[in-house]
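To start, the structure itself, in structure tokens.
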Amino acid sequence: MAALAATVTLAALLPASGSAERVARTASQAAIILLFFLYGLRLSTKETLAGMRRVRLHTLILLSTFVLFPALGLAVLWLAPDTLTAQLGAGILFLCVVPSTVQSSVALTSTARGDIAAAICAGTYSSVIGLAVTPLLAAWLIGSQTSISADGALRIGAQLLAPFLAGQLLRPRLQAFVSRNKRLLGPVDRGSILLVVYVAFSEGMNQGVWSSVTPGTLLGLLAVLALLLVVALTCTHAAARFAGLDRPSRIAVVFCGSQKSLANGLPMASVLFAGQAAVAVLPLMLYHQMQLTVCAVLAARWSGSAAPAEQQCAQASGSTSSVTAGG
């Protein structure tokens, strides 16, 4: 997040323009292709297929990500149409159709002592399904503000889907290389995302789109994002309880169903919104920071509440063993 803030500041002070902007845009497109190729390389097809047995859990997460969130986004814009500008409204809707995360969902689920394997599979399914569903939902909900057309669909296929499939096909040959160079490839991921952010915000500066984002508008946006997060956390928790899932599974549903992926969302936005991505990605960037802050506190609290129960289970197990040994 510090690097993202620094990148936005750099774009505000020294935006790429002229020939530099064209070079940066080309580099950004190449970075997106590389990013989704690496996603394909890292995804274990065998483990992903094995995780499909948790039907209720994964259904709840996917419904939250691609049904509940879009419905909430539409409801917010319908109930408060004058709170946000048209571009920020489009950004809210885009945020609502972005897939869930993998890394942060798994980390939060692990901290809260939830079902880590379920979180890994859920984040993976969401990312893969999002490659097709996110552009379609964006075209349906946002309409003319996205560049979804025959040409746009080809760009999405060329920059997102094709590299991902190529990574999956080459995974058997390159899996060992990826495993040996995890520390090297991590900065490549982050660097690619930062480059996408720099290009998007540079274009925004060159077009003067930031004049529409006043302090009052920004406060309204933060209030809307906080409302989305609270409702998502509440609904996923209630749905998981209603479905009769155990505590570790409920934790995975809450975190995976309420998170939105910055790593997937930013490259998608640069393709879908073309030169108008700067304001469109602002809700996603702010929501991402908000979800990490709030869910980290929630995970820590759940971790503490789980400890006494686990200690009681261990004591009960020890007592049972003693009785068995005595008998």
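Chain labels follow the order of the structure tokens: the first chain is A, the next B, and so on; residue numbering restarts at 1 in every chain, and ligands are counted from 1 in their shown order.
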Quick check for you: according to DSSP on this backbone, which residues of segment 126-237 of chain A are classed as alpha helix (DSSP H)? Reply as an MDAnalysis selection string. chainID A and resid 126:141 150:156 162:180 182:207 215:237
List as a list of chain:residue names the protein and nucleic acid residues near Pro15 of chain A, meaning an atom at most 8 Å away when only C-alpha atoms are counted, but skip any in the same chain fewer than 3 places from it.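 Once the nearby chain positions are removed, what remains is A:Leu10, A:Ala11, A:Ala12, A:Tyr198, A:Phe201, A:Ser202, A:Glu203, A:Met205, A:Asn206.
With only C-alpha atoms as the atoms that count, the residue of A:Val297, A:Ala278, A:Ile251, A:Leu225 with the shortest distance to Ile61 of chain A is A:Ile251.
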With only C-alpha atoms as the basis for distance, which of A:Val199, A:Leu160, A:Ala112, A:Leu131 is at the shortest distance from Ser17 of chain A?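 Selected residue with least distance to Ser17 of chain A: A:Val199.
Going from atom CA of Val188 of chain A over to atom CA of Leu136 of chain A, you cover 28.3 Å.
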